[in-house]
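protein.cif follows (mmCIF, C-alpha atoms):
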```
data_coords
loop_
_atom_site.label_atom_id
_atom_site.label_comp_id
_atom_site.auth_asym_id
_atom_site.auth_seq_id
_atom_site.Cartn_x
_atom_site.Cartn_y
_atom_site.Cartn_z
CA MET J 1 -82.93 -37.37 11.74
CA SER J 2 -85.58 -34.88 12.83
CA GLY J 3 -88.58 -34.45 10.58
CA GLU J 4 -88.42 -30.65 10.72
CA GLU J 5 -84.86 -30.28 9.44
CA LEU J 6 -84.50 -30.11 5.71
CA ASN J 7 -82.01 -32.66 4.42
CA PRO J 8 -79.79 -30.77 1.95
CA ALA J 9 -79.12 -34.03 0.09
CA ALA J 10 -82.85 -34.30 -0.59
CA VAL J 11 -83.24 -30.82 -2.06
CA ALA J 12 -83.60 -30.87 -5.85
CA GLN J 13 -80.93 -28.79 -7.56
CA PRO J 14 -79.75 -28.48 -11.15
CA VAL J 15 -76.01 -28.23 -11.92
CA GLU J 16 -74.77 -24.70 -12.63
CA ASP J 17 -72.85 -24.23 -15.87
CA VAL J 18 -69.57 -22.96 -14.43
CA GLN J 19 -67.38 -24.21 -17.26
CA GLY J 20 -69.28 -22.46 -20.04
CA ASP J 21 -70.40 -25.15 -22.48
CA GLY J 22 -73.78 -26.05 -20.99
CA ARG J 23 -73.18 -29.77 -21.15
CA TRP J 24 -75.28 -30.78 -18.14
CA ILE J 25 -78.40 -29.10 -19.48
CA SER J 26 -77.68 -30.54 -22.95
CA LEU J 27 -77.64 -34.02 -21.45
CA HIS J 28 -80.81 -33.43 -19.41
CA THR J 29 -82.58 -32.07 -22.50
CA ARG J 30 -81.55 -35.12 -24.49
CA PHE J 31 -82.86 -37.45 -21.78
CA VAL J 32 -86.21 -35.61 -21.71
CA GLN J 33 -86.41 -36.06 -25.49
CA GLU J 34 -85.57 -39.75 -25.14
CA CYS J 35 -88.56 -40.06 -22.81
CA LYS J 36 -90.77 -38.85 -25.64
CA ASP J 37 -89.31 -41.26 -28.19
CA ALA J 38 -88.55 -44.46 -26.30
CA GLU J 39 -90.44 -47.07 -24.31
CA PRO J 40 -87.88 -48.58 -21.97
CA ASP J 41 -88.59 -51.52 -19.73
CA VAL J 42 -85.62 -50.60 -17.55
CA LEU J 43 -84.41 -47.12 -16.65
CA PHE J 44 -80.92 -46.54 -15.22
CA VAL J 45 -80.44 -43.25 -13.42
CA GLY J 46 -77.50 -41.80 -11.47
CA ASP J 47 -73.97 -40.46 -11.77
CA SER J 48 -70.87 -41.43 -13.78
CA MET J 49 -71.04 -45.01 -12.49
CA VAL J 50 -74.27 -45.30 -14.53
CA GLN J 51 -73.13 -43.05 -17.40
CA LEU J 52 -69.85 -44.78 -18.13
CA MET J 53 -71.43 -48.25 -18.17
CA ARG J 54 -73.19 -47.26 -21.40
CA GLN J 55 -69.83 -46.96 -23.17
CA TYR J 56 -68.58 -50.45 -22.38
CA GLU J 57 -69.39 -53.81 -23.96
CA VAL J 58 -71.24 -54.92 -20.78
CA TRP J 59 -74.09 -52.56 -21.65
CA LYS J 60 -74.66 -54.13 -25.05
CA GLU J 61 -74.25 -57.61 -23.56
CA PHE J 62 -76.45 -57.34 -20.46
CA PHE J 63 -78.73 -54.33 -20.63
CA SER J 64 -79.54 -53.33 -24.22
CA PRO J 65 -81.46 -56.62 -24.61
CA LEU J 66 -83.65 -55.51 -21.69
CA HIS J 67 -84.66 -52.29 -23.52
CA ALA J 68 -82.84 -50.11 -21.06
CA LEU J 69 -82.33 -46.34 -21.10
CA ASN J 70 -79.33 -44.73 -19.43
CA PHE J 71 -79.81 -41.37 -17.70
CA GLY J 72 -76.48 -41.16 -15.92
CA ILE J 73 -74.53 -37.89 -15.65
CA GLY J 74 -70.99 -37.77 -14.28
CA GLY J 75 -70.56 -35.70 -11.14
CA ASP J 76 -74.24 -35.78 -10.19
CA THR J 77 -75.27 -35.77 -6.54
CA THR J 78 -78.62 -36.94 -5.15
CA CYS J 79 -79.82 -33.31 -5.47
CA ASN J 80 -79.07 -33.23 -9.19
CA VAL J 81 -80.72 -36.60 -9.91
CA LEU J 82 -83.77 -35.51 -7.92
CA TRP J 83 -84.06 -32.32 -10.00
CA ARG J 84 -83.74 -34.21 -13.29
CA LEU J 85 -86.41 -36.72 -12.34
CA GLN J 86 -88.76 -33.94 -11.22
CA ASN J 87 -88.17 -31.98 -14.44
CA GLY J 88 -89.05 -34.27 -17.28
CA GLU J 89 -86.93 -37.40 -17.12
CA LEU J 90 -89.88 -39.51 -15.97
CA GLU J 91 -92.46 -38.09 -18.39
CA ASN J 92 -94.19 -40.44 -20.85
CA ILE J 93 -92.27 -43.55 -19.86
CA HIS J 94 -93.42 -46.60 -17.93
CA PRO J 95 -90.34 -48.65 -17.10
CA ARG J 96 -90.97 -51.83 -15.17
CA VAL J 97 -87.73 -51.42 -13.23
CA VAL J 98 -85.65 -48.39 -12.28
CA VAL J 99 -82.01 -48.87 -11.31
CA LEU J 100 -80.71 -46.06 -9.08
CA TRP J 101 -76.98 -45.57 -8.46
CA VAL J 102 -75.94 -42.24 -6.91
CA GLY J 103 -74.40 -40.82 -3.77
CA THR J 104 -70.62 -41.05 -4.14
CA ASN J 105 -70.37 -37.40 -5.26
CA ASN J 106 -72.27 -35.92 -2.28
CA HIS J 107 -69.11 -34.47 -0.73
CA GLN J 108 -70.88 -31.73 1.24
CA HIS J 109 -73.24 -34.13 3.02
CA THR J 110 -72.98 -36.63 5.86
CA ALA J 111 -73.55 -40.33 5.27
CA GLU J 112 -76.98 -40.10 6.88
CA GLN J 113 -77.95 -37.15 4.70
CA VAL J 114 -76.79 -38.92 1.54
CA ALA J 115 -78.78 -42.03 2.43
CA GLY J 116 -81.76 -39.75 3.07
CA GLY J 117 -81.28 -38.23 -0.38
CA ILE J 118 -81.23 -41.66 -2.01
CA LEU J 119 -84.35 -42.60 -0.04
CA ALA J 120 -86.07 -39.43 -1.25
CA ILE J 121 -85.32 -40.35 -4.86
CA ALA J 122 -86.64 -43.90 -4.29
CA GLN J 123 -89.82 -42.42 -2.79
CA LEU J 124 -90.24 -40.08 -5.77
CA LEU J 125 -89.85 -43.02 -8.13
CA THR J 126 -92.41 -45.18 -6.33
CA SER J 127 -94.91 -42.33 -6.27
CA ARG J 128 -94.45 -41.46 -9.97
CA LEU J 129 -94.19 -45.08 -11.15
CA PRO J 130 -96.41 -47.05 -8.77
CA LYS J 131 -96.08 -50.28 -10.77
CA ALA J 132 -92.29 -50.18 -11.09
CA LYS J 133 -89.75 -52.03 -8.99
CA ILE J 134 -86.75 -50.02 -7.84
CA VAL J 135 -83.26 -51.46 -7.48
CA VAL J 136 -80.88 -49.29 -5.48
CA LEU J 137 -77.20 -50.14 -5.97
CA GLY J 138 -74.89 -49.85 -2.98
CA LEU J 139 -72.05 -47.36 -3.24
CA LEU J 140 -68.74 -48.92 -4.14
CA PRO J 141 -65.56 -48.34 -2.14
CA ARG J 142 -63.11 -45.83 -3.60
CA GLY J 143 -59.48 -44.85 -3.25
CA GLU J 144 -56.49 -47.18 -3.51
CA ARG J 145 -56.28 -47.80 0.25
CA PRO J 146 -58.63 -47.42 3.25
CA ASN J 147 -59.70 -43.80 3.62
CA PRO J 148 -62.57 -41.71 5.06
CA LEU J 149 -64.64 -41.88 1.85
CA ARG J 150 -64.70 -45.66 2.01
CA GLU J 151 -66.01 -45.45 5.56
CA LYS J 152 -68.60 -42.92 4.48
CA ASN J 153 -69.84 -45.03 1.55
CA THR J 154 -70.02 -48.10 3.82
CA ALA J 155 -72.07 -46.09 6.32
CA ILE J 156 -74.41 -44.92 3.56
CA ASN J 157 -74.91 -48.53 2.50
CA GLU J 158 -75.71 -49.51 6.09
CA PHE J 159 -78.41 -46.83 6.35
CA LEU J 160 -79.86 -47.96 2.99
CA ARG J 161 -79.82 -51.61 4.01
CA SER J 162 -81.88 -50.71 7.06
CA TRP J 163 -84.24 -48.08 5.56
CA LEU J 164 -85.05 -49.35 2.06
CA PRO J 165 -86.96 -52.52 3.06
CA ARG J 166 -89.65 -50.19 4.48
CA LEU J 167 -90.47 -49.24 0.89
CA GLY J 168 -92.13 -52.33 -0.50
CA GLN J 169 -91.12 -51.96 -4.12
CA VAL J 170 -87.46 -51.24 -3.45
CA GLN J 171 -84.56 -53.70 -3.36
CA PHE J 172 -80.97 -53.04 -2.35
CA LEU J 173 -78.09 -54.67 -4.24
CA ASP J 174 -74.64 -54.31 -2.71
CA VAL J 175 -71.60 -55.75 -4.50
CA SER J 176 -69.09 -53.46 -2.83
CA GLY J 177 -67.36 -56.34 -1.04
CA GLU J 178 -66.09 -57.73 -4.33
CA PHE J 179 -63.67 -54.88 -4.89
CA ILE J 180 -61.45 -54.81 -1.80
CA HIS J 181 -58.53 -57.21 -1.69
CA SER J 182 -57.23 -58.86 1.47
CA ASP J 183 -54.57 -56.16 1.85
CA GLY J 184 -57.27 -53.48 1.76
CA THR J 185 -56.38 -52.21 -1.70
CA ILE J 186 -58.48 -51.64 -4.79
CA ILE J 187 -56.64 -52.50 -7.98
CA PRO J 188 -56.58 -50.52 -11.26
CA ARG J 189 -57.76 -53.61 -13.10
CA ASP J 190 -61.17 -53.05 -11.46
CA MET J 191 -61.15 -49.25 -11.08
CA PHE J 192 -58.76 -47.44 -13.40
CA ASP J 193 -58.64 -44.35 -11.20
CA PHE J 194 -59.73 -46.01 -7.95
CA LEU J 195 -63.26 -44.71 -8.47
CA HIS J 196 -64.46 -45.46 -12.00
CA LEU J 197 -64.85 -49.04 -13.17
CA THR J 198 -63.00 -50.74 -15.98
CA GLN J 199 -64.69 -53.23 -18.30
CA THR J 200 -63.61 -55.95 -15.83
CA GLY J 201 -64.94 -54.01 -12.87
CA TYR J 202 -68.30 -53.44 -14.56
CA ARG J 203 -68.66 -57.15 -15.20
CA THR J 204 -68.55 -57.74 -11.42
CA VAL J 205 -71.55 -55.41 -11.05
CA ALA J 206 -73.40 -56.23 -14.26
CA LYS J 207 -73.70 -59.96 -13.76
CA PRO J 208 -75.61 -59.93 -10.42
CA LEU J 209 -77.57 -56.85 -11.46
CA SER J 210 -78.60 -58.45 -14.73
CA ASP J 211 -79.64 -61.63 -12.91
CA LEU J 212 -81.77 -59.57 -10.53
CA LEU J 213 -83.36 -57.57 -13.35
CA LEU J 214 -84.21 -60.71 -15.31
CA GLN J 215 -85.80 -62.18 -12.20
CA ILE J 216 -87.87 -59.05 -11.56
CA LEU J 217 -88.94 -58.75 -15.20
CA GLU J 218 -90.02 -62.37 -15.21
CA GLU J 219 -91.96 -62.02 -11.95
CA THR J 220 -93.76 -58.92 -13.15
CA SER J 221 -94.34 -59.97 -16.74
CA VAL J 222 -97.87 -60.09 -18.08
CA CYS J 223 -98.73 -63.48 -19.52
CA MET E 1 -50.70 -9.32 -18.99
CA SER E 2 -47.19 -8.18 -18.08
CA ALA E 3 -44.24 -10.37 -18.94
CA GLU E 4 -43.43 -10.77 -15.24
CA ASP E 5 -46.78 -12.26 -14.18
CA PRO E 6 -46.37 -15.96 -13.49
CA ASN E 7 -48.54 -18.14 -15.72
CA PRO E 8 -50.68 -20.42 -13.52
CA ALA E 9 -51.06 -22.82 -16.45
CA ALA E 10 -47.27 -23.15 -16.61
CA THR E 11 -46.62 -23.42 -12.86
CA PRO E 12 -46.15 -27.06 -11.79
CA THR E 13 -49.00 -27.78 -9.38
CA PRO E 14 -50.02 -31.10 -7.85
CA CYS E 15 -53.75 -31.77 -7.37
CA GLU E 16 -55.00 -31.17 -3.85
CA ASP E 17 -56.89 -34.06 -2.28
CA ASN E 18 -60.16 -32.20 -1.69
CA GLN E 19 -62.36 -35.28 -1.66
CA GLY E 20 -60.38 -37.36 0.86
CA ASP E 21 -59.36 -40.55 -0.93
CA GLY E 22 -55.98 -39.49 -2.33
CA ARG E 23 -56.70 -40.87 -5.79
CA TRP E 24 -54.64 -38.38 -7.77
CA MET E 25 -51.50 -39.10 -5.78
CA SER E 26 -52.18 -42.86 -5.97
CA MET E 27 -52.29 -42.63 -9.75
CA HIS E 28 -49.16 -40.46 -9.92
CA ASN E 29 -47.25 -42.90 -7.68
CA ARG E 30 -48.34 -45.80 -9.85
CA PHE E 31 -47.09 -43.99 -12.96
CA VAL E 32 -43.74 -43.29 -11.28
CA SER E 33 -43.51 -46.98 -10.43
CA ASP E 34 -44.41 -47.92 -14.03
CA SER E 35 -41.54 -45.72 -15.20
CA LYS E 36 -39.18 -47.81 -13.11
CA ASP E 37 -40.47 -51.14 -14.40
CA LYS E 38 -41.42 -50.57 -18.00
CA GLU E 39 -39.73 -49.61 -21.26
CA PRO E 40 -42.29 -47.91 -23.46
CA ASP E 41 -41.55 -46.72 -26.97
CA VAL E 42 -44.44 -44.26 -26.70
CA LEU E 43 -45.71 -42.40 -23.65
CA PHE E 44 -49.18 -40.84 -23.63
CA ALA E 45 -49.57 -38.01 -21.10
CA GLY E 46 -52.59 -35.83 -20.41
CA ASP E 47 -56.10 -35.69 -19.04
CA SER E 48 -59.23 -37.88 -19.17
CA LEU E 49 -59.17 -38.02 -22.96
CA VAL E 50 -55.86 -39.88 -22.64
CA GLN E 51 -56.95 -41.87 -19.59
CA LEU E 52 -60.21 -43.16 -21.04
CA MET E 53 -58.50 -44.26 -24.26
CA HIS E 54 -56.86 -46.96 -22.21
CA GLN E 55 -60.23 -48.42 -21.19
CA PHE E 56 -61.58 -49.20 -24.60
CA GLY E 57 -60.67 -51.89 -27.12
CA ILE E 58 -58.95 -49.33 -29.32
CA TRP E 59 -55.95 -49.25 -26.94
CA ARG E 60 -55.24 -52.95 -27.17
CA GLN E 61 -55.98 -52.90 -30.89
CA LEU E 62 -53.81 -49.96 -31.96
CA PHE E 63 -51.45 -48.91 -29.18
CA SER E 64 -50.46 -51.93 -27.10
CA PRO E 65 -48.57 -53.35 -30.12
CA LEU E 66 -46.51 -50.13 -30.20
CA HIS E 67 -45.43 -50.55 -26.54
CA CYS E 68 -47.30 -47.57 -25.17
CA LEU E 69 -47.75 -46.36 -21.59
CA ASN E 70 -50.74 -44.29 -20.55
CA PHE E 71 -50.24 -41.54 -17.96
CA GLY E 72 -53.59 -39.80 -18.29
CA ILE E 73 -55.50 -38.46 -15.28
CA GLY E 74 -59.03 -37.11 -15.59
CA GLY E 75 -59.46 -33.46 -14.70
CA ASP E 76 -55.81 -32.56 -15.15
CA GLY E 77 -54.88 -29.16 -16.52
CA THR E 78 -51.49 -28.28 -18.00
CA GLN E 79 -50.16 -27.30 -14.55
CA HIS E 80 -50.93 -30.76 -13.16
CA VAL E 81 -49.35 -32.68 -16.05
CA LEU E 82 -46.34 -30.36 -15.77
CA TRP E 83 -45.96 -31.26 -12.09
CA ARG E 84 -46.31 -35.00 -12.73
CA LEU E 85 -43.76 -35.08 -15.53
CA SER E 86 -41.35 -33.00 -13.44
CA ASN E 87 -41.74 -35.31 -10.42
CA GLY E 88 -40.81 -38.79 -11.51
CA GLU E 89 -43.08 -39.83 -14.37
CA LEU E 90 -40.33 -39.32 -16.95
CA ASP E 91 -37.54 -40.87 -14.91
CA ASN E 92 -35.99 -44.17 -16.03
CA ILE E 93 -37.77 -44.35 -19.38
CA SER E 94 -36.65 -43.41 -22.87
CA PRO E 95 -39.63 -43.45 -25.18
CA LYS E 96 -39.08 -42.37 -28.77
CA VAL E 97 -42.32 -40.38 -28.75
CA VAL E 98 -44.33 -38.57 -26.09
CA VAL E 99 -47.95 -37.90 -27.07
CA LEU E 100 -49.26 -34.90 -25.14
CA TRP E 101 -53.01 -34.21 -24.97
CA VAL E 102 -54.04 -31.62 -22.38
CA GLY E 103 -55.56 -28.16 -22.07
CA THR E 104 -59.33 -28.58 -22.10
CA ASN E 105 -59.56 -28.51 -18.28
CA ASN E 106 -57.68 -25.22 -17.84
CA HIS E 107 -60.77 -23.31 -16.75
CA GLY E 108 -60.16 -19.67 -15.96
CA HIS E 109 -56.96 -19.51 -18.02
CA THR E 110 -56.61 -17.53 -21.23
CA PRO E 111 -55.64 -19.25 -24.50
CA GLU E 112 -52.21 -17.60 -24.21
CA GLN E 113 -51.76 -19.02 -20.72
CA ILE E 114 -52.88 -22.49 -21.78
CA CYS E 115 -50.49 -22.40 -24.76
CA GLY E 116 -47.75 -21.35 -22.34
CA GLY E 117 -48.60 -24.33 -20.16
CA ILE E 118 -48.39 -26.75 -23.06
CA MET E 119 -45.08 -25.26 -24.20
CA ALA E 120 -43.71 -25.55 -20.65
CA ILE E 121 -44.52 -29.26 -20.73
CA VAL E 122 -42.82 -29.62 -24.13
CA GLN E 123 -39.71 -27.99 -22.60
CA VAL E 124 -39.69 -30.34 -19.56
CA ILE E 125 -39.95 -33.34 -21.88
CA LYS E 126 -37.05 -32.01 -23.95
CA ASN E 127 -34.95 -31.52 -20.81
CA LYS E 128 -35.62 -34.98 -19.41
CA LEU E 129 -35.86 -36.94 -22.65
CA PRO E 130 -33.50 -35.24 -25.11
CA HIS E 131 -33.97 -37.97 -27.72
CA ALA E 132 -37.77 -38.07 -27.69
CA HIS E 133 -40.08 -36.33 -30.11
CA THR E 134 -43.21 -34.77 -28.60
CA LEU E 135 -46.43 -34.97 -30.56
CA VAL E 136 -48.88 -32.38 -29.24
CA LEU E 137 -52.48 -33.25 -30.09
CA SER E 138 -55.04 -30.55 -30.86
CA ILE E 139 -57.66 -29.88 -28.17
CA LEU E 140 -61.05 -31.02 -29.36
CA PRO E 141 -64.20 -28.89 -29.57
CA ARG E 142 -66.71 -29.49 -26.76
CA GLY E 143 -70.31 -28.79 -25.84
CA LYS E 144 -73.37 -29.71 -27.87
CA SER E 145 -73.60 -26.31 -29.60
CA PRO E 146 -71.18 -23.42 -30.27
CA ASN E 147 -69.94 -21.92 -27.00
CA PRO E 148 -66.98 -19.93 -25.58
CA LEU E 149 -64.98 -23.06 -24.72
CA ARG E 150 -64.93 -24.10 -28.38
CA GLU E 151 -63.52 -20.70 -29.27
CA ARG E 152 -60.98 -20.92 -26.47
CA ASN E 153 -59.83 -24.39 -27.51
CA ALA E 154 -59.56 -23.38 -31.18
CA ARG E 155 -57.45 -20.35 -30.24
CA VAL E 156 -55.17 -22.52 -28.09
CA ASN E 157 -54.67 -24.82 -31.06
CA GLU E 158 -53.72 -21.87 -33.30
CA LEU E 159 -51.21 -20.56 -30.78
CA VAL E 160 -49.69 -23.97 -30.08
CA GLN E 161 -49.38 -24.87 -33.74
CA GLU E 162 -47.56 -21.59 -34.34
CA ALA E 163 -45.25 -22.02 -31.33
CA LEU E 164 -44.33 -25.59 -32.30
CA SER E 165 -43.64 -24.84 -35.95
CA SER E 166 -40.08 -23.72 -35.25
CA LEU E 167 -39.13 -26.61 -32.95
CA PRO E 168 -37.29 -29.69 -34.27
CA HIS E 169 -38.17 -31.88 -31.29
CA ALA E 170 -41.95 -31.36 -31.25
CA SER E 171 -44.89 -31.25 -33.66
CA PHE E 172 -48.57 -30.39 -33.65
CA PHE E 173 -51.06 -33.04 -34.75
CA ASP E 174 -54.69 -32.19 -35.45
CA VAL E 175 -56.86 -35.09 -34.29
CA ASP E 176 -60.28 -33.52 -34.93
CA PRO E 177 -61.85 -35.62 -37.71
CA GLY E 178 -64.65 -33.06 -38.04
CA PHE E 179 -66.72 -33.67 -34.91
CA VAL E 180 -68.66 -30.43 -35.38
CA HIS E 181 -71.48 -30.92 -37.90
CA THR E 182 -72.61 -28.29 -40.41
CA ASP E 183 -75.34 -27.20 -37.98
CA GLY E 184 -72.71 -26.54 -35.32
CA SER E 185 -73.65 -29.52 -33.19
CA ILE E 186 -71.54 -32.32 -31.80
CA SER E 187 -73.20 -35.73 -31.70
CA HIS E 188 -73.46 -37.82 -28.53
CA GLN E 189 -72.49 -40.78 -30.72
CA ASP E 190 -69.01 -39.24 -30.86
CA MET E 191 -68.89 -37.58 -27.41
CA TYR E 192 -71.32 -39.15 -24.96
CA ASP E 193 -71.38 -36.05 -22.75
CA TYR E 194 -70.20 -33.56 -25.41
CA LEU E 195 -66.66 -33.74 -23.99
CA HIS E 196 -65.58 -37.35 -23.54
CA LEU E 197 -65.23 -39.64 -26.54
CA THR E 198 -67.27 -42.76 -27.16
CA PRO E 199 -65.47 -45.81 -28.60
CA GLN E 200 -66.68 -44.58 -32.02
CA GLY E 201 -65.22 -41.14 -31.36
CA TYR E 202 -61.92 -42.68 -30.30
CA GLN E 203 -61.80 -44.75 -33.48
CA ALA E 204 -61.97 -41.57 -35.58
CA VAL E 205 -59.24 -39.88 -33.52
CA CYS E 206 -56.93 -42.82 -33.02
CA GLU E 207 -56.66 -44.28 -36.49
CA PRO E 208 -54.80 -41.29 -37.98
CA LEU E 209 -52.82 -40.92 -34.76
CA HIS E 210 -51.77 -44.55 -34.92
CA ALA E 211 -50.66 -44.15 -38.55
CA ARG E 212 -48.60 -41.10 -37.61
CA LEU E 213 -46.99 -42.90 -34.66
CA LYS E 214 -46.12 -45.93 -36.75
CA SER E 215 -44.34 -43.78 -39.30
CA MET E 216 -42.48 -41.94 -36.55
CA LEU E 217 -41.40 -45.16 -34.88
CA GLU E 218 -40.18 -46.64 -38.13
CA LYS E 219 -37.72 -43.76 -38.57
CA PRO E 220 -34.25 -44.21 -37.01
CA ALA E 221 -33.90 -42.57 -33.57
CA GLU E 222 -32.81 -38.90 -33.51
CA ASN E 223 -29.35 -38.15 -32.13
#
```
What does the file become when written as structure tokens?
Amino acid sequence: MSGEELNPAAVAQPVEDVQGDGRWISLHTRFVQECKDAEPDVLFVGDSMVQLMRQYEVWKEFFSPLHALNFGIGGDTTCNVLWRLQNGELENIHPRVVVLWVGTNNHQHTAEQVAGGILAIAQLLTSRLPKAKIVVLGLLPRGERPNPLREKNTAINEFLRSWLPRLGQVQFLDVSGEFIHSDGTIIPRDMFDFLHLTQTGYRTVAKPLSDLLLQILEETSVC
Amino acid sequence: MSAEDPNPAATPTPCEDNQGDGRWMSMHNRFVSDSKDKEPDVLFAGDSLVQLMHQFGIWRQLFSPLHCLNFGIGGDGTQHVLWRLSNGELDNISPKVVVLWVGTNNHGHTPEQICGGIMAIVQVIKNKLPHAHTLVLSILPRGKSPNPLRERNARVNELVQEALSSLPHASFFDVDPGFVHTDGSISHQDMYDYLHLTPQGYQAVCEPLHARLKSMLEKPAEN
């Protein structure tokens, strides 16, 4: 990827209110306010995969005890997350870990561009929060059967696996393999619409993620 | 609007696979297959507000005991639900009640058109399931603060309630427990993104709905 070309997936962009009820800005505004009021140790940021987790029991079980904030917005691309983080959602907070999960909604971008967008967000986080560790979650497969979006998400994960180790504070956690059965299908028990996770599906992600977060928090804790 | 103009909200329309993973059709096919295998007493049909209900504890607590099936798909407008119910999802089942909750995603349609779409669905259900009663749920307010979509949804509710009042095989049921506070705001404790319900929000909606369904199911079947 040439250094002179602008990666569209790494260009910060808010979501336009096309529906008419201003919900995206309402959510962003609420998150900015939460930054003023709260002191999270862990910050989750991303799309609906992050947002929906907050509504299930797994959040209370695994992540509330870690003093975690959830800044997920359904439908967000890397561009939208980048804009939110540059416009207030990192002000006044000093999380020790940031969990980043975004990229599956970047329909206009190639796999390489999407990975570049995720990398740009990771770089923003490390520059704004020099003491924090970043955990980037791999994109999960989607769709009931093999399809081009599964291939794209796999390709994005491959780029991330290769690029992210160059950023010292960033780790990559990929649990995507857990979701595809031997016949190539994803089952509704894990993803109720072949994209969004059920309570059962979230458990498959939450357990290894929680283990990793506990390990990081212990390693970085001040005695 | 002239009487001859077709109503897009009342024209059966499948969802196009714009993203590339065929999820909508996968879900529809699964519902058609469920109709062949299962014998529900109650069928829920609609959009994400129906679909997400199935993911939280409230479903197992209140609706599983009533032998309910859930045919909700996120993003669906009336035209999509109309297509699904006309193309297999009502075949081979004879529920006593169909709960219909749809309309909030009909962006670009007027309240009259949306009402027309809902009434078209009520008619299809009557044609395919002559012994079922259809319970049409009110469309909830949305957005953090007052906005045009709240007005649109309220107007749809007025029109639908009026249109249903003369029908023996269908009724209107208002499920809004009072989500809009005196200052005009909706709380994220009830709707985490000012549209989709939290488990707490679902509790407030589903308890009265459950009571209504129980009383309907206890009555002898209509001839």
Counting only C-alpha atoms, which residues in chain J sit no more than 10 Å from chain E? For each one, give the nearest pair of atoms and the distance in Å, sorted by chain then residue number, as a Markdown table.
```
| residue | atom | partner | partner_atom | distance |
| --- | --- | --- | --- | --- |
| J:Val18 | CA | E:His107 | CA | 9.1 |
| J:Gln19 | CA | E:His107 | CA | 6.7 |
| J:Gly20 | CA | E:Leu149 | CA | 6.4 |
| J:Asp21 | CA | E:Gly143 | CA | 5.0 |
| J:Gly22 | CA | E:Gly143 | CA | 6.6 |
| J:Arg23 | CA | E:Gly143 | CA | 5.6 |
| J:Trp24 | CA | E:Asp193 | CA | 8.0 |
| J:Ile25 | CA | E:Lys144 | CA | 9.8 |
| J:Ser26 | CA | E:Lys144 | CA | 6.6 |
| J:Leu27 | CA | E:Asp193 | CA | 6.7 |
| J:Arg30 | CA | E:His188 | CA | 9.4 |
| J:Gln51 | CA | E:Tyr192 | CA | 8.7 |
| J:Leu52 | CA | E:Tyr192 | CA | 9.0 |
| J:Arg54 | CA | E:Tyr192 | CA | 9.1 |
| J:Gln55 | CA | E:Thr198 | CA | 6.3 |
| J:Tyr56 | CA | E:Phe56 | CA | 7.4 |
| J:Glu57 | CA | E:Phe56 | CA | 9.1 |
| J:Gly72 | CA | E:Asp193 | CA | 9.9 |
| J:Ile73 | CA | E:Asp193 | CA | 8.0 |
| J:Gly74 | CA | E:Asp193 | CA | 8.7 |
| J:Asn105 | CA | E:Gln19 | CA | 9.0 |
| J:Asn106 | CA | E:Gln19 | CA | 9.9 |
| J:His107 | CA | E:Gln19 | CA | 6.9 |
| J:Gln108 | CA | E:Gln19 | CA | 9.7 |
| J:Arg142 | CA | E:Asp21 | CA | 7.0 |
| J:Gly143 | CA | E:Asp21 | CA | 4.9 |
| J:Glu144 | CA | E:Ser26 | CA | 6.6 |
| J:Arg145 | CA | E:Asp21 | CA | 8.0 |
| J:Pro146 | CA | E:Asp21 | CA | 8.1 |
| J:Asn147 | CA | E:Asp21 | CA | 5.6 |
| J:Pro148 | CA | E:Gly20 | CA | 6.4 |
| J:Leu149 | CA | E:Asp21 | CA | 6.1 |
| J:Arg150 | CA | E:Asp21 | CA | 8.0 |
| J:Pro188 | CA | E:Met27 | CA | 9.1 |
| J:Arg189 | CA | E:Gln55 | CA | 9.9 |
| J:Phe192 | CA | E:Gln55 | CA | 8.0 |
| J:Asp193 | CA | E:Arg23 | CA | 6.7 |
| J:Phe194 | CA | E:Arg23 | CA | 6.3 |
| J:Leu195 | CA | E:Arg23 | CA | 8.1 |
| J:Leu197 | CA | E:Gln55 | CA | 9.3 |
| J:Thr198 | CA | E:Gln55 | CA | 6.3 |
| J:Gln199 | CA | E:Gln55 | CA | 7.2 |
| J:Thr200 | CA | E:Gln55 | CA | 9.8 |
```
- request: Report the distance between CA of Leu129 in chain J and CA of Pro95 in chain J in Å, rounded to one decimal place.
  value: 7.9 Å
Atomic distance CA of Val99 in chain E - CA of Glu158 in chain E, expressed in Å with one decimal: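 For CA of Val99 in chain E relative to CA of Glu158 in chain E, the distance reads 18.1 Å.
Straight-line separation from CA of Leu140 in chain E to CA of Asp174 in chain E: 8.9 Å.
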query: How would you write, as a list of chain:residue names, the residues chosen by the PyMOL selection byres ((chain J and resi 46-49) around 7) on this structure?
result: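 This file gives the following for the PyMOL selection byres ((chain J and resi 46-49) around 7): J:Phe44, J:Val45, J:Val50, J:Gln51, J:Leu52, J:Met53, J:Phe71, J:Gly72, J:Ile73, J:Gly74, J:Gly75, J:Asp76, J:Val81, J:Leu100, J:Trp101, J:Val102, J:His196.
Restricting the calculation to all atoms listed in the file, the smallest distance between Gln169 in chain J and any of J:Ser127, J:Leu137, J:Lys60, J:Asn157 is found for J:Ser127.
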query: Exactly which residues make up the result of the PyMOL selection byres ((chain E and resi 178) around 10) on this file, given as a ChimeraX atom specification?
result: /E:140-141,175-177,179-182,186,204-205
message: Using the chain letters and numbers from this file, what does the PyMOL selection byres ((chain J and resi 161) around 10) select? Give the answer as JSON, numbers by chain.
response: {"J": [115, 136, 138, 155, 156, 157, 158, 159, 160, 162, 163, 164, 165, 166, 171, 172, 173, 174]}
- request: Name the residues in contact with Pro65 in chain E at a cut-off of 12 Å, using all atoms listed in the file, excluding same-chain residues fewer than 6 positions from it; report them as a PyMOL selection string.
  value: chain E and resi 40-42+58-59+210+213-214+217
